[in-house]
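Raw work.cif, mmCIF, C-alpha atoms:
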data_query
#
loop_
_atom_site.label_atom_id
_atom_site.label_comp_id
_atom_site.auth_asym_id
_atom_site.auth_seq_id
_atom_site.Cartn_x
_atom_site.Cartn_y
_atom_site.Cartn_z
CA MET A 1276 -16.33 -3.46 -16.00
CA ASP A 1277 -19.60 -1.72 -16.96
CA GLU A 1278 -21.45 -3.49 -14.13
CA ILE A 1279 -18.85 -2.30 -11.62
CA PHE A 1280 -19.08 1.34 -12.68
CA LYS A 1281 -22.88 1.13 -12.77
CA ALA A 1282 -22.95 -0.30 -9.24
CA LEU A 1283 -20.62 2.41 -7.94
CA SER A 1284 -22.60 5.22 -9.59
CA ASP A 1285 -25.33 5.11 -6.93
CA ASP A 1286 -24.72 6.83 -3.60
CA THR A 1287 -26.88 4.31 -1.71
CA ARG A 1288 -24.84 1.39 -2.99
CA ARG A 1289 -21.62 3.23 -2.16
CA ALA A 1290 -22.99 3.71 1.36
CA MET A 1291 -23.61 -0.04 1.60
CA LEU A 1292 -19.99 -0.70 0.62
CA ASP A 1293 -18.93 1.85 3.24
CA GLU A 1294 -20.93 -0.04 5.86
CA LEU A 1295 -19.38 -3.38 4.85
CA HIS A 1296 -15.99 -1.69 4.99
CA ARG A 1297 -16.83 -0.58 8.54
CA LYS A 1298 -18.13 -4.00 9.55
CA ASP A 1299 -17.82 -6.89 7.12
CA GLY A 1300 -20.08 -9.94 7.06
CA GLN A 1301 -23.36 -8.18 7.91
CA THR A 1302 -26.73 -9.88 7.51
CA LEU A 1303 -29.58 -8.29 5.56
CA GLY A 1304 -31.15 -7.01 8.80
CA GLU A 1305 -27.85 -5.52 9.98
CA LEU A 1306 -27.29 -3.80 6.63
CA GLU A 1307 -30.83 -2.40 6.69
CA ALA A 1308 -30.09 -0.83 10.08
CA SER A 1309 -26.63 0.34 8.97
CA VAL A 1310 -27.82 2.23 5.89
CA ALA A 1311 -30.61 3.78 7.96
CA ARG A 1312 -28.01 5.10 10.43
CA ALA A 1313 -26.06 6.43 7.45
CA GLY A 1314 -29.08 8.53 6.49
CA PHE A 1315 -30.67 6.39 3.76
CA SER A 1316 -34.29 5.49 4.41
CA MET A 1317 -35.52 2.46 2.49
CA THR A 1318 -37.49 -0.74 2.86
CA ARG A 1319 -35.91 -4.17 3.21
CA PHE A 1320 -36.94 -4.81 -0.41
CA GLY A 1321 -35.01 -1.70 -1.45
CA VAL A 1322 -31.90 -2.91 0.37
CA MET A 1323 -32.21 -6.31 -1.30
CA LYS A 1324 -32.56 -4.66 -4.73
CA HIS A 1325 -29.32 -2.70 -4.26
CA LEU A 1326 -27.54 -5.78 -2.93
CA LYS A 1327 -28.45 -7.68 -6.10
CA VAL A 1328 -26.78 -4.97 -8.21
CA LEU A 1329 -23.64 -5.09 -6.06
CA GLU A 1330 -23.58 -8.88 -6.17
CA ALA A 1331 -24.04 -8.90 -9.96
CA ALA A 1332 -20.96 -6.65 -10.19
CA SER A 1333 -19.10 -9.04 -7.82
CA LEU A 1334 -18.45 -6.12 -5.47
CA ILE A 1335 -19.98 -8.17 -2.67
CA THR A 1336 -20.13 -11.89 -2.03
CA THR A 1337 -22.25 -13.86 0.39
CA ARG A 1338 -21.69 -16.75 2.74
CA LYS A 1339 -24.33 -18.65 4.69
CA THR A 1340 -23.66 -19.63 8.31
CA GLY A 1341 -26.56 -21.57 9.81
CA ARG A 1342 -29.73 -19.71 8.90
CA PHE A 1343 -27.97 -16.38 8.41
CA LYS A 1344 -26.66 -15.06 5.09
CA HIS A 1345 -23.65 -12.77 5.54
CA HIS A 1346 -22.54 -10.14 3.02
CA TYR A 1347 -18.85 -9.40 2.41
CA LEU A 1348 -17.04 -6.65 0.56
CA ASN A 1349 -15.21 -8.29 -2.37
CA ALA A 1350 -12.11 -6.20 -3.12
CA ILE A 1351 -10.86 -8.20 -6.11
CA PRO A 1352 -12.96 -6.43 -8.84
CA LEU A 1353 -11.82 -3.07 -7.47
CA GLN A 1354 -8.22 -4.24 -7.66
CA GLN A 1355 -8.75 -5.24 -11.30
CA VAL A 1356 -10.25 -1.83 -12.14
CA ILE A 1357 -7.29 -0.16 -10.46
CA ASP A 1358 -4.77 -2.35 -12.32
CA ARG A 1359 -6.34 -1.70 -15.72
CA TRP A 1360 -7.62 1.87 -15.57
CA ILE A 1361 -6.22 3.72 -12.59
CA GLU A 1362 -2.59 2.78 -11.98
CA PRO A 1363 -1.50 4.06 -15.46
CA LEU A 1364 -3.17 7.39 -14.65
CA THR A 1365 -1.96 7.92 -11.09
CA GLN A 1366 -0.42 11.24 -12.01
CA LYS A 1367 -3.72 12.50 -13.38
CA PRO A 1368 -5.96 14.56 -11.07
CA LEU A 1369 -9.07 12.58 -12.11
CA ALA A 1370 -7.51 9.38 -10.79
CA ARG A 1371 -7.24 10.73 -7.26
CA ALA A 1372 -10.93 10.26 -6.45
CA ALA A 1373 -10.76 6.63 -7.52
CA LEU A 1374 -7.63 6.05 -5.47
CA ASP A 1375 -9.33 7.60 -2.48
CA MET A 1376 -12.23 5.19 -3.02
CA LYS A 1377 -9.78 2.26 -3.10
CA THR A 1378 -8.22 3.41 0.17
CA GLN A 1379 -11.64 3.82 1.73
CA LEU A 1380 -12.92 0.40 0.66
CA GLU A 1381 -9.74 -1.64 1.07
CA GLY A 1382 -7.94 0.20 3.83
CA GLU A 1383 -7.75 -0.53 7.51
CA HIS A 1384 -10.94 -1.56 9.23
CA VAL A 1385 -11.89 -3.49 12.29
CA MET A 1386 -12.77 -7.12 11.59
CA SER A 1387 -15.06 -9.17 13.74
CA THR A 1388 -13.68 -12.28 15.42
CA SER A 1389 -16.84 -13.13 17.31
CA THR A 1390 -17.06 -16.63 15.83
CA GLN A 1391 -14.61 -18.94 14.11
CA ASP A 1392 -17.44 -20.28 11.89
CA LYS A 1393 -17.95 -16.93 10.20
CA PRO A 1394 -15.11 -15.62 8.00
CA ASP A 1395 -13.83 -12.14 8.73
CA PHE A 1396 -13.79 -11.52 5.01
CA VAL A 1397 -14.44 -13.38 1.76
CA LEU A 1398 -12.95 -12.60 -1.68
CA GLU A 1399 -14.09 -14.22 -4.93
CA THR A 1400 -12.78 -14.18 -8.48
CA TYR A 1401 -13.20 -16.24 -11.66
CA ILE A 1402 -10.07 -17.44 -13.45
CA LYS A 1403 -9.97 -18.99 -16.91
CA THR A 1404 -8.02 -22.12 -16.00
CA THR A 1405 -8.50 -25.68 -14.76
CA PRO A 1406 -8.77 -26.81 -11.12
CA ASP A 1407 -5.52 -28.78 -11.56
CA LYS A 1408 -3.57 -25.74 -12.76
CA LEU A 1409 -5.04 -23.48 -10.07
CA TRP A 1410 -4.25 -25.99 -7.32
CA ASP A 1411 -0.70 -26.39 -8.65
CA ALA A 1412 -0.17 -22.63 -8.67
CA ILE A 1413 -1.29 -22.29 -5.05
CA THR A 1414 0.72 -25.24 -3.72
CA ASN A 1415 3.81 -25.37 -5.93
CA GLY A 1416 6.91 -23.61 -4.60
CA ALA A 1417 8.08 -22.94 -8.15
CA MET A 1418 4.85 -21.03 -8.87
CA THR A 1419 4.07 -19.00 -5.72
CA PRO A 1420 6.94 -16.49 -6.17
CA LYS A 1421 5.24 -15.41 -9.42
CA PHE A 1422 2.11 -14.12 -7.64
CA PHE A 1423 2.46 -14.26 -3.84
CA ASN A 1424 3.36 -11.13 -1.89
CA GLU A 1425 7.08 -10.30 -1.87
CA LYS A 1426 7.69 -13.25 -4.25
CA ALA A 1427 7.53 -15.72 -1.37
CA GLU A 1428 7.99 -19.44 -2.05
CA ILE A 1429 5.80 -21.99 -0.28
CA ARG A 1430 7.70 -24.93 1.20
CA GLY A 1431 6.45 -28.05 2.91
CA THR A 1432 4.29 -31.08 2.25
CA ILE A 1433 0.78 -29.94 1.34
CA LYS A 1434 -1.06 -32.58 3.35
CA SER A 1435 -3.35 -32.36 6.38
CA GLY A 1436 -1.37 -32.16 9.61
CA GLU A 1437 1.88 -31.10 7.94
CA GLY A 1438 3.68 -27.80 8.48
CA TYR A 1439 4.43 -25.25 5.79
CA GLU A 1440 6.29 -21.97 5.42
CA TYR A 1441 6.60 -19.11 2.95
CA VAL A 1442 10.22 -18.08 2.40
CA LEU A 1443 11.37 -14.78 0.87
CA PRO A 1444 13.99 -14.66 -1.92
CA ASP A 1445 16.69 -13.70 0.62
CA GLY A 1446 15.92 -16.80 2.71
CA ARG A 1447 13.97 -15.07 5.48
CA GLN A 1448 10.77 -16.70 6.69
CA MET A 1449 7.60 -14.73 5.90
CA LEU A 1450 4.79 -17.01 7.10
CA VAL A 1451 4.48 -20.32 8.91
CA GLY A 1452 1.56 -22.55 9.72
CA GLU A 1453 -0.01 -25.97 9.60
CA ILE A 1454 -2.18 -27.55 6.92
CA ILE A 1455 -5.63 -28.21 8.39
CA ASP A 1456 -7.28 -29.59 5.26
CA ALA A 1457 -5.81 -30.31 1.83
CA THR A 1458 -8.28 -31.69 -0.69
CA PRO A 1459 -6.47 -31.46 -4.04
CA THR A 1460 -8.09 -29.23 -6.68
CA SER A 1461 -10.87 -28.35 -4.24
CA ARG A 1462 -9.96 -26.93 -0.81
CA LEU A 1463 -6.90 -25.85 1.15
CA GLU A 1464 -7.18 -24.63 4.75
CA MET A 1465 -4.14 -23.59 6.76
CA THR A 1466 -3.21 -21.68 9.88
CA PHE A 1467 -1.59 -18.31 9.22
CA VAL A 1468 1.21 -16.92 11.41
CA PRO A 1469 3.38 -14.05 10.07
CA SER A 1470 7.03 -14.21 11.06
CA PHE A 1471 6.78 -11.02 13.14
CA MET A 1472 4.29 -12.68 15.52
CA GLU A 1473 4.79 -15.19 18.28
CA ARG A 1474 2.78 -18.32 17.53
CA PRO A 1475 -0.62 -17.77 19.18
CA GLU A 1476 -2.58 -20.54 20.84
CA ASN A 1477 -5.42 -20.04 18.35
CA PRO A 1478 -3.90 -18.67 15.13
CA SER A 1479 -5.94 -17.19 12.33
CA ARG A 1480 -6.52 -19.38 9.29
CA ASN A 1481 -6.99 -18.85 5.60
CA VAL A 1482 -8.94 -21.00 3.16
CA TYR A 1483 -8.78 -21.40 -0.61
CA GLU A 1484 -11.86 -22.97 -2.23
CA ILE A 1485 -11.82 -23.97 -5.90
CA GLU A 1486 -14.98 -24.70 -7.89
CA SER A 1487 -15.03 -25.64 -11.58
CA ASP A 1488 -17.42 -23.51 -13.64
CA GLY A 1489 -17.23 -24.42 -17.33
CA GLU A 1490 -14.02 -23.01 -18.79
CA THR A 1491 -13.30 -21.07 -15.61
CA CYS A 1492 -12.67 -21.75 -11.93
CA LYS A 1493 -14.26 -19.82 -9.12
CA LEU A 1494 -11.61 -19.09 -6.49
CA THR A 1495 -12.83 -18.08 -3.04
CA ILE A 1496 -10.35 -16.84 -0.44
CA MET A 1497 -11.50 -16.57 3.18
CA HIS A 1498 -9.72 -15.57 6.36
CA PHE A 1499 -10.92 -16.45 9.86
CA GLY A 1500 -9.81 -15.10 13.23
CA VAL A 1501 -8.19 -11.89 11.97
CA THR A 1502 -6.67 -9.88 14.81
CA GLU A 1503 -5.56 -6.27 15.07
CA GLU A 1504 -1.97 -7.34 14.29
CA ILE A 1505 -2.86 -8.64 10.83
CA LYS A 1506 -5.87 -6.51 9.90
CA GLY A 1507 -4.20 -5.46 6.62
CA VAL A 1508 -4.36 -8.97 5.15
CA ARG A 1509 -7.48 -8.21 3.08
CA GLN A 1510 -5.55 -5.90 0.76
CA GLY A 1511 -2.74 -8.46 0.56
CA TRP A 1512 -5.13 -11.23 -0.47
CA ALA A 1513 -6.76 -8.99 -3.12
CA LYS A 1514 -3.36 -8.39 -4.72
CA ILE A 1515 -2.47 -12.08 -4.56
CA ALA A 1516 -5.73 -12.98 -6.32
CA ALA A 1517 -5.21 -10.32 -9.00
CA ARG A 1518 -1.66 -11.51 -9.70
CA LEU A 1519 -2.75 -15.16 -9.72
CA LYS A 1520 -5.54 -14.47 -12.22
CA THR A 1521 -3.19 -12.57 -14.54
CA LEU A 1522 -0.51 -15.27 -14.31
CA LEU A 1523 -2.84 -18.16 -15.13
CA GLU A 1524 -4.75 -16.35 -17.88
CA THR A 1525 -1.83 -14.62 -19.65
CA GLY A 1526 1.32 -16.37 -18.45
CA LYS A 1527 2.68 -12.98 -17.40
CA GLU A 1528 3.54 -11.73 -13.92
CA LEU A 1529 1.59 -8.67 -12.74
CA GLU A 1530 3.68 -6.11 -10.89
CA LEU A 1531 1.77 -4.28 -8.15
CA ALA A 1532 3.11 -1.79 -5.63
#

I'd like the structure from this file rewritten - as structure tokens, please.
Amino acid sequence: MDEIFKALSDDTRRAMLDELHRKDGQTLGELEASVARAGFSMTRFGVMKHLKVLEAASLITTRKTGRFKHHYLNAIPLQQVIDRWIEPLTQKPLARAALDMKTQLEGEHVMSTSTQDKPDFVLETYIKTTPDKLWDAITNGAMTPKFFNEKAEIRGTIKSGEGYEYVLPDGRQMLVGEIIDATPTSRLEMTFVPSFMERPENPSRNVYEIESDGETCKLTIMHFGVTEEIKGVRQGWAKIAARLKTLLETGKELELA
């Protein structure tokens, strides 16, 4: 938590987060130009120094595509700060500034769909669990209602080429799609079509990546091909990750608005 507050205490670093909120997945050169346009004059080394602080606080994450390294706003640590420190104080005047920051960083923004090889956003979190338990939580219909949005249950055979759906408690369909890649305890990629949409020719797709790291697992959630119709999915994924982490680490369900 201290690293997060330290990272957010600097106006230059907050400006960098603003720029990634405006356009996610920027390269170092793009961010250098962005902060200059925002009125902050600094060398490339200075930009890199601030990025290291943000990355150490897990407020940004990076992904390499070819020879380019892209930087993404990671909303999950902010969600955890909000869950622990801000939500209980929402009636307090001092909490309003933090809530405004949450809205600014996690709210609506235009996401690039210029290439299917580059995610529109990337979220990362570390969960104290095993790859087997994390995989089971993501793919088991008895588990997903405990953390997925609107308590939706995943149904279908989790194998490449098979269809799946998320079903709400009242029986209505929430999401449908097809499994593109299912490598147990490691990677799950699937197309993503909300029930309110007609099935597009090239649907967006989400990816879960699981990496073992000692007593914890690193969970990376990516979404590709985000369109204007589903631009709010970032906030949804951040809440899913926060609930999943709480469930696996404490056995309790986290209630979020």

Which of these, A:Thr1302, A:Thr1414, A:Ser1309, A:Thr1521, has the shortest distance to Tyr1439 in chain A once you count only C-alpha atoms?
A:Thr1414

Using the chain letters and numbers from this file, what does the PyMOL selection byres ((chain A and resi 1391-1405) around 9) select? Give the answer as a ChimeraX atom specification.
/A:1299-1300,1333,1335-1340,1345-1352,1386-1390,1406-1410,1460,1487-1488,1490-1501,1509,1512-1513,1516-1517,1519-1521,1523-1524

From the list A:Arg1430, A:Glu1473, A:Arg1297, A:Ala1290, the nearest residue to Ala1311 in chain A using all atoms listed in the file is A:Ala1290

Let me have the centre and edge lengths in Å, one decimal, of the box along x, y and z around every listed atom of range 1468-1481 of chain A with 4 Å of margin on each side, as lines of an AutoDock Vina configuration file.
center_x = 0.0
center_y = -15.8
center_z = 13.2
size_x = 22.0
size_y = 17.5
size_z = 23.2

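Between Gly1314 in chain A and the residues A:Val1451, A:Met1465, A:Met1291, A:Ile1279, the shortest atom-to-atom distance, using only C-alpha atoms, involves A:Met1291.
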
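Here CA of Arg1462 in chain A is placed at a distance of 5.7 Å from CA of Tyr1483 in chain A.
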
Between CA of Val1468 in chain A and CA of Ile1455 in chain A lies a distance of 13.5 Å

Taking the file as I've supplied it (selection: the PyMOL selection byres ((chain A and resi 1415-1420) around 9)), which residues are included? Please answer as a CSV table (one decimal) with C-alpha atoms, keeping the file's coordinate frame.
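Final file, selection01.csv:
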chain,number,residue,atom,x,y,z
A,1410,TRP,CA,-4.2,-26.0,-7.3
A,1411,ASP,CA,-0.7,-26.4,-8.6
A,1412,ALA,CA,-0.2,-22.6,-8.7
A,1413,ILE,CA,-1.3,-22.3,-5.0
A,1414,THR,CA,0.7,-25.2,-3.7
A,1421,LYS,CA,5.2,-15.4,-9.4
A,1422,PHE,CA,2.1,-14.1,-7.6
A,1423,PHE,CA,2.5,-14.3,-3.8
A,1424,ASN,CA,3.4,-11.1,-1.9
A,1425,GLU,CA,7.1,-10.3,-1.9
A,1426,LYS,CA,7.7,-13.2,-4.2
A,1427,ALA,CA,7.5,-15.7,-1.4
A,1428,GLU,CA,8.0,-19.4,-2.0
A,1429,ILE,CA,5.8,-22.0,-0.3
A,1430,ARG,CA,7.7,-24.9,1.2
A,1431,GLY,CA,6.4,-28.0,2.9
A,1441,TYR,CA,6.6,-19.1,3.0
A,1443,LEU,CA,11.4,-14.8,0.9
A,1444,PRO,CA,14.0,-14.7,-1.9
A,1519,LEU,CA,-2.8,-15.2,-9.7

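Distance annotation: of A:Ala1457, A:Val1328, A:Phe1467, A:Val1442, the residue with the minimal separation from Val1508 in chain A is A:Phe1467; atom set is only C-alpha atoms.
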
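When the distance limit is 8 Å and all atoms listed in the file are what count, the residues near Glu1437 in chain A, minus those fewer than 4 positions from it on the same chain, are Gly1431, Thr1432, Ile1433, Glu1453 and Ile1454 of chain A.
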
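Relative to CA of Pro1459 in chain A, CA of Glu1484 in chain A is found at 10.2 Å.
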
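Every residue that the PyMOL selection byres ((chain A and resi 1307) around 10) selects in this file is listed here: Met1291, Gln1301, Thr1302, Leu1303, Gly1304, Glu1305, Leu1306, Ala1308, Ser1309, Val1310, Ala1311, Arg1312, Phe1315, Ser1316, Met1317, Thr1318, Arg1319, Phe1320, Gly1321, Val1322 and Met1323 of chain A.
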